[in-house]
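Visitor: What follows is a single structure, and I will ask about it in a moment.
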Amino acid sequence: MLMKEITLIAGTEETRKTLLEQLRSYIGEYIRIKSYAIDEGIEEIIKSDLIILSSDLVYPEALPYLHEDSKQRVMTARRTINYHYIDKLLFIPPGSEVLFVNDVAETVFDSIGKLKELGINHLKFIPYYPGIKSVKPVKIAVTPGEGDKAPEFVEEIIDIGPRLIDMTSMTEILKRLDMLEGKAHELSQKYLAKIIQLGQRLVEATQETNRFNKNLKTVLEGVNDGLLSVDTYGEIKVANGNLEKIFQTAMPFTMGKNIRQIIKNKELLHFLLNDPDGANMILSIDNVEILVKKFYIKEENLIVATFKNIKEALEIERQLRRELIKRGHIGKYTFEDIVGSSESIKNKKRIAAKLASSELNILIEGESGTGKELFASAIHNCSVRRGGPFLGVNFSALPEDLVESELFGYEEGAFTGARKGGKKGLFEQANGGTLFLDEIGDISPKIQARLLRVLQEKEIMRVGGTEIIPVDVRVIAATNKNLMEMIETGKFRQDLYHRLKVLYVQLPPLRERKEDIRELVNYFIQQNEPRSMRIEEEVIQRLMHYNWYGNVRELKNTLEYMLAVCEGDVIRIHDIPEKSFFQVKLTAESFQGYKETNELEELGNSSELYFILRQLYTAGSQNILLGRKQLAELAKAEGYTLTEPQIRQRMNLLEEHGYLIKSKGRAGTRLTRKGKQMVEQERLNG
Ligand SMILES: Nc1ncnc2c1ncn2[C@@H]1O[C@H](COP(=O)(O)OP(=O)(O)OP(=O)(O)O)[C@@H](O)[C@H]1O
């Protein structure tokens with residue numbers, strides 16, 4: 001028997017393809033199927049055993065192409081939601097308002113009804129079709145393949161694909177072709193198979209979600225901090241186990257409970273539920289200080305808070321720093337890596353390259369961030385020792401009690417906690433190579449004496465040891481302090497100074513070679529963003545005006561900041577960080593030892609401002625909280641006439657200019673880095 005033939009006529013190509021695929025998968029084995037779409041154009045007269053229209057709207061457009069014999073054999077398919085993609089809807093949070101977008105009102109309401117029948121009733125559907133008068137602006141739209149009709153305010157379009165031909169129409173097709181008898185069973189089997197497939201997909205999706213939740217839980221429990229998320233009513237949405245430890249409560253932070261049932265501290269409750277986004281406070285529980293930070297996620301109406309044990313956090317940072325300092329690094333840089341064509345830097349490179357070929361110790365002087373380590377590394381790589389190790393230690397970052405054992409190593413049992421078998425110190429590890437001693441001005445008299453001996457004798461003795469170990473190490477020391485001045489005040493040994501400064505290089509501050517800034521900027525951009533990144537000329541001009549008290553390091557950090565905040569691939573003027581980002585004069589003055597007026601003096605009442613900063617500095621270093629009242633009393637004792645309101649006004653002024661932060665609650669007022677630097681600088685200047 002000849003195979004029967006049907007023709008599908010759809011409005012759009014997309015619908016045609018979807019329906020054709022559906023028809024093929026159900027009845028394609030025993031019926032030949034042709035298809036057309038109005039938007040693709042029809043170019044022939046259509047003659048078929050049955051013509052199926054995707055909707056009544058197609059009829060007038062299709063009519064001229066229907067063969068006389070076929071005009072009586074037309075049916076419009078009834079269409080239903082495309083269940084293949086229903087799972088997309090299940091991932092929208094329950095209760096969400098979503099637009100349902102389609103081309104005409106009728107199909108919109110019809111589809112919403114169908115979705116409800118299918119049990120999708122966790123969403124509130126708002127009907128939308130072109131021409132509708134007013135509609136609530138919501139962010140998500142769901143549409144059966146008509147996404148282009150969604151209004152502009154919609155942020156996310158979930159396309160569940162064109163609607164499919166429903167089962168009654170499928171059956172009808174077979175009936176009209178006189179084929180229902182034999183095929184009805186097969187059809188329903190196929191239909192069932194599809195539904196089962198969908199079920200499987202949903203199960204898989206649920207499993208995936210479960211896996212994700214499990215991973216998330218591991219992460220939540222793995223972090224060191226306490227994590228809590230509540231809605232604005234205080235209902236707990238997420239909480240990790242650390243919270244119970246921090247609050248020392250037997251009551252678990254169970255999801256769904258209200259935090260008021262668990263947390264009794266009124267100040268904390270007020271902070272969590274009412275303070276603005278980004279606020280933080282310091283909480284004290286049984287003398288343990290906890291830093292609490294809060295964020296507000298507006299879209300989800302969620303408050304998220306983290307609880308960090310301050311002492312623990314500092315200890316971790318200290319440990320990390322120690323590791324970092326101990327980590328031996330190979331000399332990475334050569335003279336080619338030192339950027340800059342100014343006469344002064346070229347000259348320094350020339351001198352350093354000459355010094356490299358000798359075996360004598362070198363002292364590099366220069367402000368912080370001028371590239372002292374870079375030069376040390378380049379010198380090493382240009383010397384006969386280049387095949388040996390290049391190791392560095394930064395004394396300003398190394399805790400005093402570790403310096404001796406780091407430099408000279410120790411024997412087993414030298415002190416509690418000493419490693420079995422003892423440990424080699426940096427001098428032994430750098431044998432045959434170069435040892436870079438950064439911030440040499442920071443070492444204690446005791447270490448100065450030991451270091452001097454090592455430099456004279458070229459041998460060391462480990463801590464707790466008796467054996468003398470010869471070492472062959474070239475020392476390059478660096479300092480950002482004025483060692484001559486330190487010698488005068490008895491803080492640095494003159495004999496050691498001369499041992500270290502057999503040869504020396506003094507690196508110029510960046511502000512004295514501003515012509516290098518452009519080259520450095522381009523170099524750092526290249527290093528960070530090899531793709532085409534542009535920087536506006538105006539920005540470079542502005543950067544050339546700064547004083548760069550933190551020198552090349554500060555310029556590098558500033559560029560990293562700008563690369564992180566800039567939009568697209570251009571760095572513009574508004575990407576330059578605000579004033580408080582830049583380093584103040586401290587290091588420059590400690591090196592050069594001169595005094596100038598500063599910002600504080602320009603604010604007026606400077607002696608009172610200094611007084612307040614000084615008191616806060618001292619109190620801070622002793623962990624004492626200072627209120628306005630105590631400040632007023634201290635002021636009186638020192639002969640200032642400062643009332644509490646005046647103190648408040650002065651403190652506001654200092655906060656405005658970034659010297660201190662007044663935080664709520666028990667944290668009290670703290671000095672910022674800038675504030676601390678100001679006090680230290682004032683002390684330095686006497
Ligand atoms: N001329 C330069 N060319 C390229 N990069 C530079 C140059 N000078 C400094 N840098 C970069 O700036 C940063 C600071 O340099 P480096 O660590 O050598 O300074 P430093 O003087 O040893 O600082 P500190 O005294 O604070 O330890 C590094 O990332 C370094 O690579």
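Just remember, in the structure tokens the first chain shown is A, the second B, etc., residues are 1-based per chain, and ligands are 1-based in the order shown.
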Considering only C-alpha atoms and all ligand atoms, tabulate each residue of chain A that lies at most 8 Å from ligand 1 along with its nearest interatomic pair and the corresponding distance in Å to one decimal; arrange the rows by chain and ascending residue number and present them as a tab-separated table.

Guide:
residue	atom	partner	partner_atom_place_in_ligand_line	distance
A:Asp337	CA	ligand 1	4 (C)	6.0
A:Ile338	CA	ligand 1	3 (N)	3.9
A:Val339	CA	ligand 1	3 (N)	3.7
A:Gly340	CA	ligand 1	1 (N)	5.7
A:Ile345	CA	ligand 1	1 (N)	7.6
A:Gly366	CA	ligand 1	21 (O)	6.3
A:Glu367	CA	ligand 1	25 (O)	6.2
A:Ser368	CA	ligand 1	25 (O)	3.6
A:Gly369	CA	ligand 1	23 (O)	3.5
A:Thr370	CA	ligand 1	21 (O)	4.1
A:Gly371	CA	ligand 1	18 (O)	3.1
A:Lys372	CA	ligand 1	21 (O)	3.7
A:Glu373	CA	ligand 1	18 (O)	3.6
A:Leu374	CA	ligand 1	18 (O)	4.0
A:Phe375	CA	ligand 1	18 (O)	6.7
A:Ala376	CA	ligand 1	18 (O)	8.0
A:Asn394	CA	ligand 1	27 (O)	7.3
A:Asp438	CA	ligand 1	27 (O)	6.3
A:Glu439	CA	ligand 1	25 (O)	6.6
A:Ala478	CA	ligand 1	25 (O)	7.3
A:Thr479	CA	ligand 1	25 (O)	6.6
A:Asn480	CA	ligand 1	25 (O)	5.9
A:Leu520	CA	ligand 1	3 (N)	6.4
A:Tyr523	CA	ligand 1	4 (C)	7.5
A:Phe524	CA	ligand 1	4 (C)	7.8
A:Asn551	CA	ligand 1	12 (O)	7.7
A:Val552	CA	ligand 1	12 (O)	4.7
A:Arg553	CA	ligand 1	12 (O)	3.9
A:Glu554	CA	ligand 1	12 (O)	7.6
A:Leu555	CA	ligand 1	12 (O)	7.9
A:Lys556	CA	ligand 1	12 (O)	6.3

Visitor: Which parts of region 478-570 of chain A does DSSP call alpha helix (DSSP H) when run on the backbone here, written out as a PyMOL selection string?

Guide: chain A and resi 483-488+494-500+517-528+537-545+551-565

Visitor: At a cut-off of 10 Å, using only C-alpha atoms, what residues contact Tyr504 (chain A)? Leave out same-chain residues fewer than 2 positions from it and give the result as a PyMOL selection string.

Guide: chain A and resi 351-352+355+361-365+476-478+500-502+506-507

Visitor: Give me the residues of region 33-95 of chain A that have any atom at most 12 Å from an atom of region 156-175 of chain A; for each, the nearest atom pair and the distance in Å, rounded to one decimal. Use only C-alpha atoms, sort by chain and number, and format it as CSV.

Guide:
residue,atom,partner,partner_atom,distance
A:Ile33,CA,A:Ile173,CA,12.0
A:Asp49,CA,A:Ile173,CA,10.3
A:Leu50,CA,A:Ile173,CA,7.9
A:Ile51,CA,A:Ile173,CA,9.5
A:Ile52,CA,A:Ile173,CA,8.4
A:Leu53,CA,A:Ile165,CA,10.3
A:Ser54,CA,A:Ile165,CA,8.1
A:Ser55,CA,A:Ile165,CA,10.2
A:Arg73,CA,A:Ile173,CA,10.6
A:Val74,CA,A:Ile173,CA,10.3
A:Met75,CA,A:Ile173,CA,8.5
A:Thr76,CA,A:Ser169,CA,8.4
A:Ala77,CA,A:Ser169,CA,5.7
A:Arg78,CA,A:Ile165,CA,5.7
A:Arg79,CA,A:Ile165,CA,4.3
A:Thr80,CA,A:Arg163,CA,5.3
A:Ile81,CA,A:Arg163,CA,4.8
A:Asn82,CA,A:Arg163,CA,4.9
A:Tyr83,CA,A:Ile160,CA,8.1
A:His84,CA,A:Ile160,CA,7.8
A:Tyr85,CA,A:Ile160,CA,5.1
A:Ile86,CA,A:Ile160,CA,6.7
A:Asp87,CA,A:Ile160,CA,9.0
A:Lys88,CA,A:Ile160,CA,7.3
A:Leu89,CA,A:Ile158,CA,7.9
A:Leu90,CA,A:Ile158,CA,11.3
A:Phe91,CA,A:Ile158,CA,10.7
A:Ile92,CA,A:Ile158,CA,9.8

Visitor: Just how far from CA of Glu529 (chain A) is CA of Glu560 (chain A), in Å to one decimal?

Guide: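 These two atoms are separated by 9.8 Å.
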
Visitor: Tell me, in Å to one decimal, how far CA of Thr672 (chain A) is from CA of Arg648 (chain A).

Guide: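 If I compute the distance from CA of Thr672 (chain A) to CA of Arg648 (chain A), I get 17.3 Å.
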
Visitor: If you count only C-alpha atoms, which residues fall within 9 Å of region 452-462 of chain A, apart from same-chain ones fewer than 2 positions away, as a PyMOL selection string?

Guide: chain A and resi 404-405+407-411+422-425+427-428+447-450+464-473+475+495-496+499-500

Visitor: Kindly export the residues of the current selection with N, CA and C atoms, as a compact mmCIF listing (two decimals), in the first residue's frame.

Guide:
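Below is the file selection_31.txt, written as the result:
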# COMPACT_ATOMS: atom_id res chain seq x y z
N GLU A 404 67.05 34.50 64.30
CA GLU A 404 68.31 33.79 64.52
C GLU A 404 68.27 32.39 63.89
N SER A 405 67.21 31.65 64.19
CA SER A 405 67.16 30.28 63.67
C SER A 405 66.95 30.26 62.16
N LEU A 407 68.24 32.46 60.04
CA LEU A 407 69.51 32.79 59.39
C LEU A 407 70.55 31.68 59.56
N PHE A 408 70.64 31.17 60.78
CA PHE A 408 71.76 30.27 61.06
C PHE A 408 71.37 28.82 61.24
N GLY A 409 70.05 28.55 61.27
CA GLY A 409 69.61 27.18 61.44
C GLY A 409 69.70 26.74 62.88
N TYR A 410 69.27 25.51 63.18
CA TYR A 410 69.36 25.03 64.55
C TYR A 410 69.59 23.54 64.58
N GLU A 411 70.06 23.08 65.73
CA GLU A 411 70.27 21.63 65.92
C GLU A 411 69.03 21.04 66.56
N GLY A 422 67.17 18.79 63.26
CA GLY A 422 67.60 20.18 63.11
C GLY A 422 67.20 20.76 61.76
N LYS A 423 67.69 21.95 61.48
CA LYS A 423 67.29 22.60 60.23
C LYS A 423 68.41 23.52 59.74
N LYS A 424 68.58 23.51 58.45
CA LYS A 424 69.57 24.40 57.84
C LYS A 424 69.06 25.83 57.86
N GLY A 425 69.92 26.78 58.14
CA GLY A 425 69.51 28.17 58.06
C GLY A 425 69.75 28.72 56.66
N PHE A 427 71.87 30.90 55.57
CA PHE A 427 73.27 30.97 55.14
C PHE A 427 73.72 29.64 54.55
N GLU A 428 73.30 28.54 55.20
CA GLU A 428 73.68 27.23 54.66
C GLU A 428 72.97 26.95 53.34
N ILE A 447 71.49 40.22 66.79
CA ILE A 447 71.66 39.63 65.46
C ILE A 447 72.74 40.39 64.69
N GLN A 448 72.77 41.72 64.89
CA GLN A 448 73.82 42.50 64.22
C GLN A 448 75.19 41.94 64.56
N ALA A 449 75.38 41.61 65.85
CA ALA A 449 76.68 41.09 66.29
C ALA A 449 76.98 39.74 65.62
N ARG A 450 75.96 38.88 65.57
CA ARG A 450 76.19 37.55 64.97
C ARG A 450 76.46 37.67 63.48
N GLY A 464 72.10 26.21 69.15
CA GLY A 464 72.15 24.97 69.93
C GLY A 464 73.21 24.00 69.42
N GLY A 465 74.07 24.44 68.49
CA GLY A 465 75.07 23.53 67.94
C GLY A 465 76.47 23.88 68.42
N THR A 466 77.42 22.99 68.11
CA THR A 466 78.80 23.26 68.52
C THR A 466 79.72 23.24 67.31
N GLU A 467 79.22 22.67 66.22
CA GLU A 467 80.04 22.49 65.03
C GLU A 467 80.14 23.80 64.25
N ILE A 468 81.33 24.08 63.72
CA ILE A 468 81.50 25.28 62.90
C ILE A 468 81.35 24.90 61.43
N ILE A 469 80.45 25.59 60.74
CA ILE A 469 80.18 25.22 59.35
C ILE A 469 80.64 26.35 58.43
N PRO A 470 81.57 26.08 57.51
CA PRO A 470 82.00 27.14 56.60
C PRO A 470 80.91 27.43 55.57
N VAL A 471 80.73 28.69 55.24
CA VAL A 471 79.74 29.04 54.21
C VAL A 471 80.36 29.99 53.19
N ASP A 472 79.91 29.79 51.94
CA ASP A 472 80.40 30.63 50.86
C ASP A 472 79.21 31.38 50.28
N VAL A 473 78.94 32.55 50.85
CA VAL A 473 77.73 33.28 50.46
C VAL A 473 78.07 34.74 50.22
N VAL A 475 76.59 38.46 50.30
CA VAL A 475 75.45 39.12 50.91
C VAL A 475 75.14 40.42 50.17
N ASP A 495 80.59 49.04 62.47
CA ASP A 495 81.45 48.03 61.83
C ASP A 495 80.65 47.14 60.88
N LEU A 496 79.42 46.82 61.29
CA LEU A 496 78.58 45.99 60.40
C LEU A 496 78.25 46.77 59.12
N ARG A 499 81.01 46.61 56.75
CA ARG A 499 81.12 45.27 56.16
C ARG A 499 80.11 45.08 55.02
N LEU A 500 78.90 45.63 55.27
CA LEU A 500 77.83 45.44 54.27
C LEU A 500 78.02 46.35 53.08

Visitor: Go through region 286-495 of chain A and collect every residue that DSSP, computed from the backbone, puts in strand (DSSP E or B); the answer should be as an MDAnalysis selection string.

Guide: chainID A and resid 288:297 302:309 362:365 390:394 410 423 434:438 459:460 463 469:470 474:479

Visitor: Can you pull out the residues contacting Ser357 (chain A)? Cut-off 9 Å, using only C-alpha atoms, and skip same-chain residues under 2 positions away; I want them as a PyMOL selection string.

Guide: chain A and resi 353-355+359+379+382-384

Visitor: Just write the chosen residues, N, CA and C atoms, as a PDB file, in the first residue's frame.

Guide:
ATOM      1  N   ALA A 353      75.554  46.555  37.349  1.00  0.00           N
ATOM      2  CA  ALA A 353      76.110  45.492  36.507  1.00  0.00           C
ATOM      3  C   ALA A 353      77.611  45.360  36.738  1.00  0.00           C
ATOM      4  N   LYS A 354      78.255  46.499  36.967  1.00  0.00           N
ATOM      5  CA  LYS A 354      79.698  46.453  37.238  1.00  0.00           C
ATOM      6  C   LYS A 354      79.958  45.767  38.581  1.00  0.00           C
ATOM      7  N   LEU A 355      79.148  46.141  39.590  1.00  0.00           N
ATOM      8  CA  LEU A 355      79.332  45.569  40.926  1.00  0.00           C
ATOM      9  C   LEU A 355      79.118  44.053  40.907  1.00  0.00           C
ATOM     10  N   GLU A 359      83.098  40.123  43.916  1.00  0.00           N
ATOM     11  CA  GLU A 359      82.599  39.152  44.888  1.00  0.00           C
ATOM     12  C   GLU A 359      82.225  39.829  46.204  1.00  0.00           C
ATOM     13  N   ILE A 379      71.560  41.477  39.997  1.00  0.00           N
ATOM     14  CA  ILE A 379      73.004  41.416  40.270  1.00  0.00           C
ATOM     15  C   ILE A 379      73.439  39.955  40.391  1.00  0.00           C
ATOM     16  N   CYS A 382      73.706  38.150  37.195  1.00  0.00           N
ATOM     17  CA  CYS A 382      74.719  38.670  36.298  1.00  0.00           C
ATOM     18  C   CYS A 382      76.109  38.323  36.858  1.00  0.00           C
ATOM     19  N   SER A 383      76.117  37.644  38.011  1.00  0.00           N
ATOM     20  CA  SER A 383      77.396  37.356  38.669  1.00  0.00           C
ATOM     21  C   SER A 383      77.830  35.912  38.404  1.00  0.00           C
ATOM     22  N   VAL A 384      79.050  35.582  38.838  1.00  0.00           N
ATOM     23  CA  VAL A 384      79.513  34.203  38.632  1.00  0.00           C
ATOM     24  C   VAL A 384      78.703  33.216  39.462  1.00  0.00           C
TER      25      VAL A 384
END

Visitor: Between CA of Pro252 (chain A) and CA of Leu228 (chain A), what distance in Å does the model show, to one decimal?

Guide: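 We find that CA of Pro252 (chain A) and CA of Leu228 (chain A) lie 12.0 Å from each other.
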
Visitor: I want to know what sits within 10 Å of Ile263 (chain A), based on only C-alpha atoms, with residues of the same chain fewer than 3 positions away left out; could you give that as a ChimeraX atom specification?

Guide: /A:247,249,251,253,258-260,266,268-269

Visitor: For region 23-27 of chain A, list every protein, DNA or RNA residue within 8 Å, evaluated using only C-alpha atoms, and leave out those in the same chain fewer than 5 positions away; present the list as a ChimeraX atom specification.

Guide: /A:33,187,190-191

Visitor: Keeping only N, CA and C atoms, take the residues you just selected and write them out as a CSV table (one decimal), in the first residue's frame.

Guide:
chain,number,residue,atom,x,y,z
A,33,ILE,N,5.9,12.9,5.8
A,33,ILE,CA,5.5,14.2,6.2
A,33,ILE,C,6.3,15.3,5.5
A,187,LEU,N,1.0,4.7,19.5
A,187,LEU,CA,1.1,6.1,19.8
A,187,LEU,C,1.2,6.4,21.3
A,190,LYS,N,4.5,5.5,22.7
A,190,LYS,CA,5.5,6.5,22.5
A,190,LYS,C,5.3,7.8,23.3
A,191,TYR,N,4.1,8.1,23.5
A,191,TYR,CA,3.8,9.3,24.3
A,191,TYR,C,4.3,9.1,25.8

Visitor: Go through A:Lys420, A:Lys139, A:Arg176, A:Lys332 and flag the residue nearest Phe100 (chain A), using only C-alpha atoms for the distances.

Guide: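 Going through A:Lys420, A:Lys139, A:Arg176, A:Lys332 one by one, the smallest distance to Phe100 (chain A) is for A:Lys139.
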
Visitor: Pick from A:Val463, A:Leu631, A:Met255, A:Ala279: nearest to Arg614 (chain A), with only C-alpha atoms counted?

Guide: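 That would be A:Leu631, the residue with the smallest distance to Arg614 (chain A).
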
Visitor: With only C-alpha atoms as the atoms that count, which of A:Trp548, A:Phe295, A:Tyr497, A:Phe109 lies nearest to Asn482 (chain A)?

Guide: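 The shortest atom-to-atom distance to Asn482 (chain A) comes from A:Tyr497.
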